[in-house]
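Trainee: Below: one structure in structure tokens.
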Amino acid sequence: MRKKTCRFCADKGLRLDFKNPQQMGLYINERGKILPRRFTGACSKHQRDITLAVKRARLLAVVPYTATQSRV
Amino acid sequence: MREYETVYILDPAMTEAEVKGSLTKYSDIIAHHNGSIFRSANLGKKNLAFRIKKQTKGYYIAFDYCGDNTVVSDMERNLKLDEKILRYLTVKMDEDVDVEARKQQLIDEAKALELAMAENAAKEKRPEAATEGVTLQGEVPNA
């Protein structure tokens with residue numbers, strides 16, 4: 001496990017926007033699952049915020065719940 | 001006063017006029033409850049990640065406003081009753097927001113963003129991606 005700094009702690013102005021598919025796409029894998037902390041490199045507080053943002057994005061169909069869903 | 005953000009998805013079969021009508025309808029609800037709108041944006045017709053009510057695209061509308069709890073319950077009640085709305089979500093952004101200070105903050109942020117974009121465009125000499133059709137203080141943008 002590398003000592004990666006949390007992107008959100010480093011840059012205070014960076015905000016999680018659950019409406020933005022490009023930003024939310026950084027935190028999910030190709031099957032639509034939320035990436036664990038060792039891949040996102042976030043601290044625990046921001047990992048919880050990321051999880052909440054991805055779940056909200058899923059509700060608004062910004063990202064899919066599962067990858068098989070996107071084959072509409 | 002608390003700051004809230006409401007995002008909802010409109011049926012893609014709606015015309016421009018109907019979309020604008022929807023924006024003004026909800027702006028009026030907020031104004032009726034003595035709330036103040038910071039931002040209202042039509043984020044455009046986007047592809048949905050999965051089918052909602054058999055639709056594959058939808059208009060995303062976002063409101064950023066400030067008010068008390070009666071605003072939220074009234075907005076959600078209207079969003080629920082409106083048949084053209086596929087999904088909605090209201091999120092509390094902040095407690096104890098000073099209206100004028102926040103408006104000023106948003107104006108400053110928008111200016112800083114524009115400045116940064118202009119600088120980038122001049123430096124790199126290539127077109128930057130345009131920002132979304134966001135307007136401040138409750139003006140209705142033209143998609």
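Starting from 1 in every chain, residues are counted up; chains themselves are A, B, ... following the order of the structure tokens, and ligands are numbered from 1 as listed.
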Check every residue of chain A for an atom within 12 Å of chain B, counting only C-alpha atoms, and provide those that qualify as a ChimeraX atom specification.

Mentor: /A:13,15-21,25,32,52-53,55-72

Trainee: Please list as a PyMOL selection string every residue within 10 Å of Leu26 (chain A), counting only C-alpha atoms and excluding residues in the same chain fewer than 5 positions away.

Mentor: chain A and resi 21+34-35+40

Trainee: If we count only C-alpha atoms and set the cut-off at 10 Å, which residues sit around region 16-27 of chain B, ignoring sequence neighbours fewer than 3 positions away in its own chain? Please answer as a ChimeraX atom specification.

Mentor: /B:10-13,30-32,35-37,40-42,59,61-63,65,74-75,78-79,82,84-85,138-143

Trainee: Give the strand (DSSP E) residues of chain B, as DSSP finds them on the backbone, and put them as a PyMOL selection string.

Mentor: chain B and resi 2-10+36-52+55-67+85-94+134-136

Trainee: What does the distance between CA of Thr70 (chain B) and CA of Glu109 (chain B) come to in Å, to one decimal place?

Mentor: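 Value for the CA of Thr70 (chain B)-CA of Glu109 (chain B) distance: 28.8 Å.
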